[in-house]
Amino acid sequence: MDTKEPLRNQITDSSGNVQYTYIAHWVIVDRLQKRYKGLKIAQIVLTAASTGGFLSSLLSGISALSWIGGATSAIALGLNLYSLNFNLSDEIKSHKDAANELWDVREAYRSLLTDFDTLEIKDIQKRRDDLIGRV
């Protein structure tokens, strides 16, 4: 049995873990961006509905429109308070930054696996240890 084979298996597994984590960060980014966009659209719609309800009430004199405006305004306030507690844009940025940092490590693992057969065991172990430290 080749003495390098267990080392290759370990590096392949570690490379797969980095690849999985890299993809997972981008999946999270996509999910958070959809939530962020939906939240912003809901805020705009609710703000427009509450403003429209109050203006319509003033112009038409129908007091029920004030209640509709007040209800949509309260819901918009709730969404605004929610968005204050959870800063989705910062969370999106942190996941993008993490994925971008993992890109270099991922490519280094691929290069190591490509060069694997031409390197000595000590060189492979040193590069593997450096990559583990970077992760």
# chains A, B, ... in the order shown; residues from 1 in each chain; ligands from 1
$ residues_around --residues "A:Leu131" --least-positions-apart "5" --cutoff "8 Å" --atoms "only C-alpha atoms" --output "list of chain:residue names"
A:Val105, A:Ala108, A:Tyr109
$ residues_around --residues "stretch 8-11 of chain A" --least-positions-apart "3" --cutoff "12 Å" --atoms "only C-alpha atoms" --output "ChimeraX atom specification"
/A:2-5,14-18,106,108-117,119,121,124-132
$ atom_distance --atom1 "atom CA of A:Ser73" --atom2 "atom CA of A:Ser50"
5.2 Å
$ closest_residue --among "A:Asp104, A:Asp13, A:Asp123, A:Glu91" --to "A:Leu32" --atoms "only C-alpha atoms"
A:Glu91
$ residues_around --residues "A:Gly69" --least-positions-apart "4" --cutoff "7 Å" --atoms "only C-alpha atoms" --output "VMD selection string"
chain A and resid 49 to 51 53 to 54 65 73
